[in-house]
Every structure is written in C-alpha cells, then in structure tokens.
Amino acid sequence: MNEVRVGVFVCHCGTNIGGFLDVPELAKYALSLPHVVFSKDNRYTCSEAGLTEIKSAIAEKKLNRVVVASCTPRTHEPLFRSTCKEAGLNPYLFQFVNIRDQCSWVHMQDRERATEKAKALIRMGAARAVLLEPLEEIEVEVSPCALVIGGGIAGMTCALSLANRGFEVKLVEKEDRLGGTLNNLYKLYPTHEEASRLVQVKTKEVEKNPKLEVLTSSEVKEVEGFVGNYDVTVRQGGKDRLFKAGVIIVATGAETLKPVGMYGYDGEKVVTQLELERMLKEGRVNADKIVMIQCVGSRNEKRAYCSKVCCLTALKNAVLIKETNPDAQVFVLYRDMVTQGTKYEDYYGKARETGITFIKYLPERQPVVENGSVRVYDELLGEELILPYDLVVLSTPMVAHEDSRDLAQKLKVPVDENGFFLEAHVKLRPVDFATDGIYVCGCGHWPANVDESVFQAYGAASRASIPISVGRVKTEPLIPLVNEDGCSGCGLCELTCPFKAIQVEVTEKGRKAKVVAASCKGCGACGAGCPQMAITMQHFTDKQLIAQVIPLAEVIP
Amino acid sequence: MTLQKNFEPDILGFLCNWCSYAGADLAGVSRFQYPPNIRIIRVMCSARVDPTIVLEVFIRGLDGVMVLGCHLGTCHYMTGNYYMERRMKMAKNVLKKVGLSPERLLVDWVSAAEGERFATLVREFTEKVKKLGPLGQETDLKLEQLKTRLTAAKDALAQQRIRWLVGRERELVEDKNVFGEKVSQEEFDELMFQTIEKEFAKRRILLSIEEEALSVREIAQKVGASPRDVLRNMVSLERDGLVSVVGIEGNSPKYRRAGGS
C-alpha cells in the first residue's frame with residue numbers, strides 16, 4: 001500500500017474561527033500528527049485561493065488524504081470533495097472537521113479550551129482520514145417516465161409541466177375527478193377568482209395532453225425499486241395496473257380538521273370555513289351576525305404548527321359576506337393575523353376598511369361559544385365582550401390525510417410528527433425527499449395556498465426532470481459490504497432495512513445477505529445490528545469511528 | 001477511585017447527519033454557548049452507532065457518551081432512531097452490569113430546528129457527568145478492573161444471541177411470533193436482562209483465562225462469582241469450543257481460552 005500522506009487545511013473563516021481559536025497554533029499542531037505531511041492555515045479555505053492551495057498541495061506534496069477544518073460538512077463538504085476530485089484525488093479521501101459551528105461559535109468565551117477542543121477535533125479527523133478508502137459513485141439508468149400521485153392543483157400543474165417537457169406521465173387521483181381541495185372551495189384570495197374555473201381550465205389542459213394519462217378513483221397500492229426504476233402497482237376499479245416510473249412526485253394534499261366537540265361545532269350554526277365556502281357558493285348564508293374564530297385546533301400542544309392559509313381564508317370569506325350583505329356584522333377573533341407579503345398585507349388592510357371587526361384573544365383565555373353568543377376577552381381592550389351571533393365560523397387547520405403515513409411507508413419516505421411529508425432539507429432541498437427520485441409538492445408537504453402549491457409543483461417538476469432527462473443518476477457509495485464468510489444468512493439485516501436494500505439470497509455458499517446498491521440510503525442500521533458483525537458500513541466503518549475515540553487527555557497531556 | 005478537583009468530564013457525542021448534527025450546527029449559527037467538554041462524531045444515522053462502539057468509548061476512558069437522533073417518527077431513514085433506542089437501552093443495561101451509572105450514556109432527540117435544545121442538552125449532560133465524576137468513580141473498582149469489565153461487556157454486546165434479541169425486539173413485543181405468541185415488554189426486558197447477565201458472565205470468564213490457566217475455583221475468585229455459577233458457564237463455554245482444559249492440578253482441571261470469539 002502507498003504511504004498515507006495527509007494534508008490539513010485550517011480555516012480562519014475571517015474572524016468567525018480565527019477570532020476565537022488560535023488557528024496558526026492549530027495548523028502547527030496538525031503537522032505533529034501521524035501521517036500528516038502538510039498543514040496550512042487559510043483566511044478562507046473555501047475561497048478560490050484556498051481551493052487552489054488544496055489542489056496544488058495535492059500535486060506538489062503528493063497528498064492522498066485531505067482534511068479541512070472549518071465551518072460544517074453540511075454546507076461545504078461537496079465543495080471540498082469536488083476540489084479533491086479536480087486534483088485527481090478520490091473525493092471520499094476527504095475528511096471534514098467542524099471547528100466553527102460546533103466549536104468557535106459555541107465557545108466564544110474560552111479561547112484556550114476551545115483551541116484545545118479544536119486540536120482534539122483535528123486529531124480525530126486526521127485519524128479517520130488515514131483510514132478512509134476511495135469509493136466510486138454508483139450509476140443507474142433511469143426510465144424516462146413519471147408518476148404523480150394526487151390530482152389537485154399541485155399534482156395537475158406538476159404532471160402538465162413534466163408532460164410538456166415530453167415525458168410520459170401517469171397522474172393518479174383517489175377521487176373520481178381531478179381538482180382536489182379546490183373542488184370544495186368557492187372563490188380564492190386575493191383575486192376572488194372562482195376555484196371551479198381554475199379546476200376546469202387545468203382539467204382541460206390535462207385531458208388533452210397526449211403524454212399524460214389520468215387514472216381517477218385509483219390508489220397506489222405498492223411501490224418497489226429505486227430511483228430511475230420504480231415498479232408501481234396502482235389499483236383502479238378492483239384491478240391492478242403495473243407500470244414503471246423513473247421518478248415519483250407526491251402531491252396528495254391535505255384535509256381540513258373537523259372540529260368535533262370544539263366550540264359547540266354542529267355543522268349548522270357553528271361551521272368550519274370549508275363548510276362556509278359551500279354555503280357561500282350555494283348562496284345559503286342567512287346570517288347578519290357572524291363570528292369567526294381563528295386558530296381552532298392549531299398552534300396548541302397537540303398541533304403546534306400554524307396552518308398559514310386560515311387567516312386569509314377567513315378574511316376572504318368575511319369580505320365576501322360583506323360584499324353580498326354590507327349590513328352584516330362580522331367579527332374575527334384572532335390570536336395573530338398572519339398575512340405576510342405585499343399582496344396579502346394589502347388585502348388585510350382593504351378588509352379592515354369594509355368594517356370587519358378584529359378582536360385579539362389570548363390562547364390562555366379561549367373564546368367560549370354559548371347559546372346564541374360568543375364570550376371573548378378582548379386583549380387590547382382589556383375586557384370581556386359578549387357577541388350575539390347567527391353563525392359561528394371556525395378556522396381549523398389543514399391536517400395531513402389519515403392515509404399519508406401509509407403512502408409514506410409504501411414510498412419509504414418520512415413524515416413529520418403531524419403526518420406531513422418531510423423534505424430532505426428545509427432550505428436547500430425543499431421539494432426533494434431524501435430518497436432519490438421522489439419529490440413532494442402542495443399541501444401534503446405543508447399547508448399552502450394555490451400559488452404556493454403551483455410554485456412547488458413547478459419546483460418538483462423541475463427537480464424530477466433532471467434524472468429523467470439525463471437518463472442516468474449517480475448515487476452515493478455509502479453502502480454496506482457483506483463479509484460473506486461471516487454472514488449466516490439470518491436475515492435480520494433484511495428485516496431492519498426499510499428500503500429493502502439488503503436481502504438474503506441463496507448463493508453457492510448458502511443463504512447470504514446481498515446489498516441492492518441503488519436502493520441503499522447509507523444509514524448503516526443493518527451493520528450496527530448484524531448478529532455476526534459481518535456487515536461493514538463503507539465510509540463509516542467501525543475502525544473509522546473508533547479511530548476518532550481519542551480521550552482529550554491524549555491530545556492535551 | 002479518588003475524587004478529582006475541578007473535574008472536567010470528557011464527552012463524546014454521536015450525532016446523526018440529518019437532525020441532531022444539523023441542530024448542533026444551528027446552535028452554532030445562533031451562538032448558543034455550551035461547555036467545550038463535548039466533541040462530536042458525525043454519523044449518517046444514529047442507528048449506525050453499534051453498541052460495542054459505545055463501550056469502546058468507555059474502555060478508552062471517556063466519561064460520558066451522547067447519542068442523539070431525529071425525534072421518533074421523523075427519522076430521515078424512517079426507523080433508524082427506533083433501532084438506536086433499543087440498542088442503547090441494551091448498552092445501558094450492560095453499563096449497569098459493569099457497575100457504571102447508565103446515566104453516562106444519554107440517548108435523546110434533537111431536530112434540525114432545535115439549536116437551543118441541543119445546547120441545553122449538552123449543558124445539562126456535562127453537569128450530570130461532572131456530578132458523577134471521572135469514569136468509575138461510582139464503583140470501587142480499580143481502573144484496570146473497570147477496563148476488564150468493560151471489555152467483557154463489549155464482548156458480550158458482540159455476541160449474536162444478544163444482537164439477535166435486540167434486533168427482534170420490536171417484532172416480538174409489537175407483533176406476534178411465528179407461534180402466534182406476543183411477548184410483553186416486561187417479559188422481553190427480563191429475557192434481555194438474563195441474556196446480558198449470562199453473556200457478560202461468560203465473557204468475564206474468558207477474559208480471566210486469556211493470559212493464564214485457572215481452575216474453576218480460581219476463576220470464581222478472580223471474577224467474584226460463585227464456583228457453581230462459573231462451573232455452569234464453563235460447561236456451556238466448553239461445548240461452544242471457547243475454552244479447553246490444558247492440565248489438571250490435584251483434582252481440578254485448569255482452563256484456558258481457546259480460539260474463536
């Protein structure tokens with residue numbers, strides 16, 4: 001084996017690290033470590049100058065391992081990996097050491113101990129670097145077709161967007177017609193456009209697109225395979241249909257919470273905003289005194305989130321009532337009016353001008369719906385008000401479909417504590433799932449209004465079109481290796497893996513676990529549970545982890 | 001062990017890439033301050049942390065270990081944190097057998113949005129380990145004895161019987177087994193406890209005869225168990241080919257460890 005030659009680059013990050021740690025001392029220390037043949041401190045290692053230094057050190061000092069001690073691998077590992085690659089070094093021979101987010105920024109008052117800790121972190125990183133092994137990315141072919149689950153505004157927009165790019169698209173809708181939530185709405189804020197018109201226009205576009213096939217009254221029954229090669233079973237009218245999909249987009253939407261047992265909800269005198277929409281559409285609102293209550297069943301212990309669309313929905317419905325019945329008294333009892341953005345804040349301002357009364361209540365003093373009146377403590381007035389009503393409207397949040405967890409299981413994607421689908425990264429990958437080739441848009445992800453759903457649908461279509469246009473995808477080689485001699489074929493790994501990425505097969509040597517590389521997400525759960533300890537998790541091997549277990553006393557004697 | 005003045009505990013954290021490590025980064029971005037005693041090792045999923053690695057950390061003399069994952073139900077890999085939780089429960093049980101406080105191993109959940117929570121957990125855990133004192137302070141073992149026991153515990157956690165059992169826990173407790181029987185959590189815990197006890201005892205015996213040949217009585221003395229228990233374990237170890245008789249002194253056979261693990 002070639003001699004291991006490690007180069008360590010310690011970043012000042014301007015003053016972000018340099019202001020709190022003795023960076024030159026760290027670089028000096030790094031040079032004293034086993035196999036480290038070069039070290040350097042940079043003002044910004046991620047700058048063009050810093051990257052050039054890495055590349056030239058790889059060439060001149062014949063480095064075959066690179067360690068960068070700086071910000072965090074979560075943002076900068078890809079950059080340094082590709083820098084190594086450009087210099088001809090396998091990117092998996094790169095090691096990141098986090099001395100900013102997890103050191104200089106969190107120990108700003110203790111330069112000495114923070115520097116000691118950084119030394120220890122660099123030593124840990126260098127120790128792992130020595131044991132790193134080159135890995136090759138895995139390439140798989142992609143079928144140029146897509147499955148979109150959910151035929152609401154998000155699903156239709158996404159499916160159209162992909163079909164217009166020339167890909168075959170299957171659009172699966174559980175109900176007997178397209179449109180989703182929009183089918184239950186009357187007019188949309190802020191333009192007061194009719195929801196049914198929007199559905200009509202989109203449905204027509206979908207229906208006449210030759211690349212797009214719609215399956216209504218259908219449900220996804222089973223999904224097998226991996227990015228580029230999903231085998232999907234859809235159940236329609238008691239029959240199963242099988243087809244391939246290179247990518248899958250989840251656009252299943254959400255439903256509105258039915259506030260059973262809250263505020264005297266009865267569906268007649270006390271209704272939800274959704275029920276009010278239907279009454280408005282059918283011209284059945286015969287009420288002069290209307291009280292709307294916001295945040296019913298949301299922003300509390302059970303459902304901590306803000307459903308975001310209810311404030312504007314309430315405003316819009318209040319305005320619509322005032323339009324048809326200017327003498328109506330409309331009260332909106334709110335905790336905080338959430339109307340961000342220029343359009344919506346303006347909409348709120350206009351709504352106020354129509355004479356709607358807004359009353360702020362406190363979460364610890366909830367309004368009480370009594371026979372014929374609502375009792376509420378007005379926080380701003382500092383006194384209790386009694387509001388007689390003909391109709392109470394409860395603004396309840398959007399909640400995840402009950403079967404969203406089922407679908408998540410089938411797709412092997414996560415949901416959050418509320419049952420909404422969970423993206424790979426909230427800022428950097430907002431419409432991707434961690435599972436390659438699966439994307440999300442619309443209210444299944446999070447309560448969204450129509451324009452947000454449409455944005456997301458375009459985003460998801462754009463992301464999904466990458467693998468299907470390129471025709472091949474690369475996946476990270478962080479996959480387990482099975483030591484066949486050690487493997488007893490017990491199958492515990494198969495049971496552990498939620499991605500079916502490791503399966504027991506009968507081989508010449510008997511039952512042995514086999515890795516399905518393209519399905520593997522690289523968590524390592526199989527290896528840490530293997531009864532025979534016969535699974536090595538590449539790039540996170542036991543040896544590489546244990547090499548980092550260095551007592552501080554060894555670093556700072 | 002003696003009390004150390006101004007003791008600063010040495011702590012390692014294993015954090016998952018997607019939630020807890022991101023939460024730790026957020027603590028940094030938000031400049032939430034916490035003591036520098038903790039050093040973090042990043043893994044893709046907390047389920048990657050093999051319980052034997054946790055034991056290795058203690059063998060190497062560190063005072064505390066944190067294993068932090070995504071909140072239950074929000075694992076990036078669907079179920080990883082459930083596996084981690086069960087495996088770490090087992091590791092805690094083994095620590096108790098060794099004589100260490102299981103509180104030296106902290107299992108908790110931090111989301112990518114919980115920088116404050118991460119900082120608080122680190123502060124509290126550092127304080128807790130500080131109170132517990134240097135590793136082994138809660139025992140009356142000498143350092144060498146403690147390390148031998150920890151090594152036996154680590155070896156026990158590498159045994160397929162224990163690993164198989166913890167791997168099937170969810171199934172056994174939540175679903176029915178092939179005979180249609182369901183095991184209650186209490187029954188399972190008891191079974192796990194006994195299995196750990198047995199494996200730990202066996203591994204201690206094996207370590208005691210690694211360097212020298214000893215009789216059952218001598219082994220019993222060395223590991224602090226009754227000769228009867230040692231004898232019972234010797235029978236099973238001999239059957240598995242892990243020990244062999246290398247001589248007889250008086251009436252007592254002398255045992256040495258034989259190959260394999």
# chains A, B, ... in the order shown; residues from 1 in each chain; ligands from 1

call {"tool": "interface_residues", "arguments": {"of": "chain B", "to": "chain A", "cutoff": "6 Å", "atoms": "only C-alpha atoms", "output": "JSON, numbers by chain"}}
result
{"B": [25, 28, 31, 32, 33, 44, 45, 47, 48, 50, 62, 74, 78, 160, 163, 164]}

call {"tool": "select_by_dssp", "arguments": {"residues": "stretch 336-373 of chain A", "states": "strand (DSSP E)", "output": "mmCIF file with all heavy atoms, in the first residue's frame"}}
result
data_model
loop_
_atom_site.group_PDB
_atom_site.id
_atom_site.type_symbol
_atom_site.label_atom_id
_atom_site.label_comp_id
_atom_site.auth_asym_id
_atom_site.auth_seq_id
_atom_site.Cartn_x
_atom_site.Cartn_y
_atom_site.Cartn_z
ATOM 1 N N THR A 357 -64.746 43.644 12.130
ATOM 2 C CA THR A 357 -64.140 43.948 13.417
ATOM 3 C C THR A 357 -63.180 42.827 13.818
ATOM 4 O O THR A 357 -63.549 41.650 13.777
ATOM 5 C CB THR A 357 -65.227 44.084 14.510
ATOM 6 O OG1 THR A 357 -66.247 44.942 13.996
ATOM 7 C CG2 THR A 357 -64.654 44.656 15.790
ATOM 8 N N PHE A 358 -61.977 43.227 14.195
ATOM 9 C CA PHE A 358 -60.976 42.240 14.595
ATOM 10 C C PHE A 358 -60.762 42.313 16.098
ATOM 11 O O PHE A 358 -60.555 43.395 16.655
ATOM 12 C CB PHE A 358 -59.662 42.503 13.863
ATOM 13 C CG PHE A 358 -59.766 42.243 12.385
ATOM 14 C CD1 PHE A 358 -60.192 43.244 11.512
ATOM 15 C CD2 PHE A 358 -59.463 40.988 11.865
ATOM 16 C CE1 PHE A 358 -60.311 43.002 10.154
ATOM 17 C CE2 PHE A 358 -59.580 40.740 10.505
ATOM 18 C CZ PHE A 358 -60.005 41.743 9.638
ATOM 19 N N ILE A 359 -60.830 41.183 16.765
ATOM 20 C CA ILE A 359 -60.664 41.141 18.222
ATOM 21 C C ILE A 359 -59.578 40.140 18.559
ATOM 22 O O ILE A 359 -59.643 38.969 18.164
ATOM 23 C CB ILE A 359 -61.993 40.739 18.898
ATOM 24 C CG1 ILE A 359 -63.041 41.829 18.634
ATOM 25 C CG2 ILE A 359 -61.797 40.525 20.403
ATOM 26 C CD1 ILE A 359 -64.436 41.453 19.081
ATOM 27 N N LYS A 360 -58.570 40.619 19.281
ATOM 28 C CA LYS A 360 -57.441 39.736 19.615
ATOM 29 C C LYS A 360 -57.742 39.005 20.916
ATOM 30 O O LYS A 360 -58.056 39.621 21.922
ATOM 31 C CB LYS A 360 -56.169 40.567 19.766
ATOM 32 C CG LYS A 360 -54.904 39.739 19.974
ATOM 33 C CD LYS A 360 -53.678 40.635 19.877
ATOM 34 C CE LYS A 360 -52.398 39.937 20.320
ATOM 35 N NZ LYS A 360 -51.963 38.857 19.444
ATOM 36 N N VAL A 368 -65.514 31.523 24.260
ATOM 37 C CA VAL A 368 -66.473 30.474 24.603
ATOM 38 C C VAL A 368 -67.748 30.689 23.794
ATOM 39 O O VAL A 368 -68.296 31.790 23.778
ATOM 40 C CB VAL A 368 -66.806 30.512 26.120
ATOM 41 C CG1 VAL A 368 -67.783 29.394 26.485
ATOM 42 C CG2 VAL A 368 -65.527 30.394 26.942
ATOM 43 N N VAL A 369 -68.188 29.630 23.086
ATOM 44 C CA VAL A 369 -69.429 29.735 22.317
ATOM 45 C C VAL A 369 -70.571 29.259 23.211
ATOM 46 O O VAL A 369 -70.589 28.113 23.645
ATOM 47 C CB VAL A 369 -69.350 28.887 21.033
ATOM 48 C CG1 VAL A 369 -70.665 28.954 20.269
ATOM 49 C CG2 VAL A 369 -68.204 29.362 20.154
ATOM 50 N N GLU A 370 -71.477 30.191 23.502
ATOM 51 C CA GLU A 370 -72.619 29.833 24.344
ATOM 52 C C GLU A 370 -73.875 29.879 23.494
ATOM 53 O O GLU A 370 -73.800 30.149 22.292
ATOM 54 C CB GLU A 370 -72.714 30.824 25.514
ATOM 55 C CG GLU A 370 -71.593 30.612 26.513
ATOM 56 C CD GLU A 370 -71.428 31.791 27.450
ATOM 57 O OE1 GLU A 370 -71.919 32.887 27.124
ATOM 58 O OE2 GLU A 370 -70.803 31.602 28.503
ATOM 59 N N SER A 373 -74.523 33.381 21.767
ATOM 60 C CA SER A 373 -73.489 34.418 21.809
ATOM 61 C C SER A 373 -72.105 33.822 22.078
ATOM 62 O O SER A 373 -71.987 32.723 22.602
ATOM 63 C CB SER A 373 -73.831 35.459 22.878
ATOM 64 O OG SER A 373 -73.852 34.843 24.141
#

call {"tool": "select_by_dssp", "arguments": {"residues": "stretch 28-119 of chain B", "states": "helix (DSSP H, G or I)", "output": "PyMOL selection string"}}
result
chain B and resi 28-29+46-48+51-59+80-98+102-104+115-119

call {"tool": "residues_around", "arguments": {"residues": "B:Phe200", "least_positions_apart": "4", "cutoff": "7 Å", "atoms": "only C-alpha atoms", "output": "list in words"}}
result
Ala152, Ala153, Ala156, Ile196 and Arg204 of chain B

call {"tool": "atom_distance", "arguments": {"atom1": "atom CA of A:Ile122", "atom2": "atom CA of A:Ala30"}}
result
6.9 Å

call {"tool": "residues_around", "arguments": {"residues": "stretch 201-203 of chain B", "least_positions_apart": "2", "cutoff": "8 Å", "atoms": "only C-alpha atoms", "output": "PyMOL selection string"}}
result
chain B and resi 152-153+155-156+197-199+205-207+233-234+237

call {"tool": "residues_around", "arguments": {"residues": "B:Ser184", "least_positions_apart": "2", "cutoff": "6 Å", "atoms": "only C-alpha atoms", "output": "PDB file with N, CA, C and O atoms, in the first residue's frame"}}
result
ATOM      1  N   VAL B 173     -42.294  -7.740  20.580  1.00  0.00           N
ATOM      2  CA  VAL B 173     -43.155  -7.027  21.515  1.00  0.00           C
ATOM      3  C   VAL B 173     -44.423  -6.512  20.832  1.00  0.00           C
ATOM      4  O   VAL B 173     -45.502  -6.563  21.392  1.00  0.00           O
ATOM      5  N   GLU B 186     -42.374  -6.298  29.516  1.00  0.00           N
ATOM      6  CA  GLU B 186     -41.739  -6.738  30.774  1.00  0.00           C
ATOM      7  C   GLU B 186     -41.037  -8.077  30.570  1.00  0.00           C
ATOM      8  O   GLU B 186     -39.903  -8.267  30.988  1.00  0.00           O
ATOM      9  N   GLU B 187     -41.751  -8.994  29.905  1.00  0.00           N
ATOM     10  CA  GLU B 187     -41.147 -10.305  29.657  1.00  0.00           C
ATOM     11  C   GLU B 187     -39.889 -10.165  28.819  1.00  0.00           C
ATOM     12  O   GLU B 187     -38.868 -10.802  29.076  1.00  0.00           O
TER      13      GLU B 187
END

call {"tool": "residues_around", "arguments": {"residues": "A:Cys487", "least_positions_apart": "3", "cutoff": "7 Å", "atoms": "only C-alpha atoms", "output": "PyMOL selection string"}}
result
chain A and resi 483-484+512-513+532+534

call {"tool": "decode", "arguments": {"residues": "stretch 401-456 of chain A", "atoms": "C-alpha atoms", "output": "PDB file, in the first residue's frame"}}
result
ATOM      1  CA  HIS A 401     -54.557  12.862   5.288  1.00  0.00           C
ATOM      2  CA  GLU A 402     -55.015   9.878   7.530  1.00  0.00           C
ATOM      3  CA  ASP A 403     -53.512   7.643   4.873  1.00  0.00           C
ATOM      4  CA  SER A 404     -50.408   9.827   4.364  1.00  0.00           C
ATOM      5  CA  ARG A 405     -48.443   7.577   6.699  1.00  0.00           C
ATOM      6  CA  ASP A 406     -49.498   4.569   4.660  1.00  0.00           C
ATOM      7  CA  LEU A 407     -48.298   6.145   1.461  1.00  0.00           C
ATOM      8  CA  ALA A 408     -45.091   7.242   3.192  1.00  0.00           C
ATOM      9  CA  GLN A 409     -44.487   3.622   4.162  1.00  0.00           C
ATOM     10  CA  LYS A 410     -45.006   2.436   0.620  1.00  0.00           C
ATOM     11  CA  LEU A 411     -42.656   5.067  -0.773  1.00  0.00           C
ATOM     12  CA  LYS A 412     -40.203   4.734   2.111  1.00  0.00           C
ATOM     13  CA  VAL A 413     -40.180   8.459   2.755  1.00  0.00           C
ATOM     14  CA  PRO A 414     -40.535  10.145   6.139  1.00  0.00           C
ATOM     15  CA  VAL A 415     -43.367  12.231   7.536  1.00  0.00           C
ATOM     16  CA  ASP A 416     -43.092  14.721  10.386  1.00  0.00           C
ATOM     17  CA  GLU A 417     -44.841  14.475  13.746  1.00  0.00           C
ATOM     18  CA  ASN A 418     -48.029  15.874  12.211  1.00  0.00           C
ATOM     19  CA  GLY A 419     -48.073  13.400   9.344  1.00  0.00           C
ATOM     20  CA  PHE A 420     -46.941  15.909   6.700  1.00  0.00           C
ATOM     21  CA  PHE A 421     -44.287  14.702   4.287  1.00  0.00           C
ATOM     22  CA  LEU A 422     -40.767  15.621   5.328  1.00  0.00           C
ATOM     23  CA  GLU A 423     -38.379  17.073   2.755  1.00  0.00           C
ATOM     24  CA  ALA A 424     -34.654  16.249   2.536  1.00  0.00           C
ATOM     25  CA  HIS A 425     -33.574  19.679   3.700  1.00  0.00           C
ATOM     26  CA  VAL A 426     -35.833  22.528   4.687  1.00  0.00           C
ATOM     27  CA  LYS A 427     -33.827  25.212   2.904  1.00  0.00           C
ATOM     28  CA  LEU A 428     -31.539  23.525   0.412  1.00  0.00           C
ATOM     29  CA  ARG A 429     -33.757  20.713  -0.881  1.00  0.00           C
ATOM     30  CA  PRO A 430     -37.334  21.778  -0.137  1.00  0.00           C
ATOM     31  CA  VAL A 431     -39.122  19.621  -2.744  1.00  0.00           C
ATOM     32  CA  ASP A 432     -36.837  16.579  -2.670  1.00  0.00           C
ATOM     33  CA  PHE A 433     -37.204  13.627  -0.420  1.00  0.00           C
ATOM     34  CA  ALA A 434     -34.039  12.080   0.954  1.00  0.00           C
ATOM     35  CA  THR A 435     -34.961   9.067  -1.127  1.00  0.00           C
ATOM     36  CA  ASP A 436     -33.579   9.700  -4.596  1.00  0.00           C
ATOM     37  CA  GLY A 437     -36.122  10.170  -7.351  1.00  0.00           C
ATOM     38  CA  ILE A 438     -39.075  11.062  -5.128  1.00  0.00           C
ATOM     39  CA  TYR A 439     -40.331  14.625  -4.753  1.00  0.00           C
ATOM     40  CA  VAL A 440     -43.109  16.469  -2.964  1.00  0.00           C
ATOM     41  CA  CYS A 441     -45.313  19.488  -3.669  1.00  0.00           C
ATOM     42  CA  GLY A 442     -48.535  21.031  -2.417  1.00  0.00           C
ATOM     43  CA  CYS A 443     -50.337  20.690   0.902  1.00  0.00           C
ATOM     44  CA  GLY A 444     -49.173  17.151   1.600  1.00  0.00           C
ATOM     45  CA  HIS A 445     -45.893  18.780   2.482  1.00  0.00           C
ATOM     46  CA  TRP A 446     -47.266  21.687   4.481  1.00  0.00           C
ATOM     47  CA  PRO A 447     -50.397  23.872   4.351  1.00  0.00           C
ATOM     48  CA  ALA A 448     -50.067  26.021   1.253  1.00  0.00           C
ATOM     49  CA  ASN A 449     -52.341  28.204  -0.819  1.00  0.00           C
ATOM     50  CA  VAL A 450     -52.833  27.854  -4.553  1.00  0.00           C
ATOM     51  CA  ASP A 451     -49.921  29.978  -5.724  1.00  0.00           C
ATOM     52  CA  GLU A 452     -47.520  28.311  -3.300  1.00  0.00           C
ATOM     53  CA  SER A 453     -48.740  24.894  -4.419  1.00  0.00           C
ATOM     54  CA  VAL A 454     -48.139  25.906  -8.015  1.00  0.00           C
ATOM     55  CA  PHE A 455     -44.623  27.200  -7.240  1.00  0.00           C
ATOM     56  CA  GLN A 456     -43.826  23.954  -5.511  1.00  0.00           C
TER      57      GLN A 456
END
